[in-house]
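Worksheet: the structure to be examined is printed underneath.
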Amino acid sequence: MLGPLKASAGSSRQGLPWPITAELWTREDKDRLMEVSIKAPVVQAAVAIGGFMAFLAEVGAEHDVEQQTKTRWALDYYAARLPALAARGRTVTAIPGRP
């Protein structure tokens with residue numbers, strides 16, 4: 001089993017007319033990734049994206065230029081640790097039904 005990985009989520013309407021959802025993921029090395037999103041009606045999508053990006057710039061949020069998914073961010077880190085765990089004799093448990 002790969003991990004540990006801590007995740008927490010919350011939502012707010014602070015500063016925008018659309019609800020904001022934030023997920024904070026923390027790996028065992030204390031590296032963190034936050035994903036922030038909004039939900040808006042389709043007819044408001046263009047305005048919502050523009051307003052959301054302006055809001056993020058205003059609060060100083062950094063944009064991930066790699067645009068990696070949080071799942072890829074976590075898996076890449078833990079998969080890279082597998083050889084070291086095996087060398088120390090640690091057993092890595094697979095999830096049943098998965099290769």
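By convention here, the chains of the structure tokens are called A, B, ... in the order presented, each chain's residues are numbered starting at 1, and ligands are numbered starting at 1 in the order presented.
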Exercise for the section: For Ser11 in chain A, list every protein, DNA or RNA residue within 12 Å, evaluated using only C-alpha atoms, and leave out those in the same chain fewer than 4 positions away; present the list as JSON, numbers by chain. Expected result: {"A": [16, 18, 19, 20, 21, 22, 23, 24, 35, 36, 37, 38, 39]}
Any idea what's packed within 8 Å of Arg27 in chain A, counting only C-alpha atoms, ignoring anything in its chain fewer than 6 positions away? Could you give it as a compact mmCIF listing (two decimals) with N, CA, C and O atoms, in the first residue's frame?
# COMPACT_ATOMS: atom_id res chain seq x y z
N GLY A 3 1.53 5.25 0.70
CA GLY A 3 1.01 6.29 1.56
C GLY A 3 1.94 6.51 2.72
O GLY A 3 3.03 5.98 2.74
N PRO A 4 1.58 7.31 3.68
CA PRO A 4 0.28 7.93 3.89
C PRO A 4 0.10 9.20 3.07
O PRO A 4 1.07 9.84 2.68
N LEU A 5 -1.13 9.52 2.83
CA LEU A 5 -1.51 10.74 2.11
C LEU A 5 -2.72 11.32 2.83
O LEU A 5 -3.74 10.66 2.97
N LYS A 6 -2.57 12.53 3.31
CA LYS A 6 -3.65 13.18 4.05
C LYS A 6 -4.38 14.14 3.11
O LYS A 6 -3.74 14.89 2.38
N ALA A 74 0.86 12.43 -6.33
CA ALA A 74 1.02 11.48 -5.23
C ALA A 74 1.64 10.17 -5.71
O ALA A 74 2.59 9.66 -5.10
Exercise for the section: Return the single residue from A:Val47, A:Leu82, A:Ala54, A:Leu75 that is closest to Gly15 in chain A, with distances computed using only C-alpha atoms. Expected result: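 So, comparing all the options, the nearest one is A:Ala54.
Closest to Gln14 in chain A among A:Asp76, A:Val59, A:Thr71, A:Asp64 is A:Val59, based on only C-alpha atoms.
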Exercise for the section: Quick one: pull the distance between CA of Trp25 in chain A and CA of Ser8 in chain A, Å, one decimal. Expected result: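 Taking CA of Trp25 in chain A as the start and CA of Ser8 in chain A as the end point, the length is 6.7 Å.
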Exercise for the section: Write out as a ChimeraX atom specification all residues of chain A that DSSP puts in helix (DSSP H, G or I) for this structure's backbone. Expected result: /A:42-58,70-87
Exercise for the section: Could you give me, as a ChimeraX atom specification, each residue of chain A that DSSP assigns to strand (DSSP E or B) when run on this structure's backbone? Expected result: /A:5-12,20-27,32-38
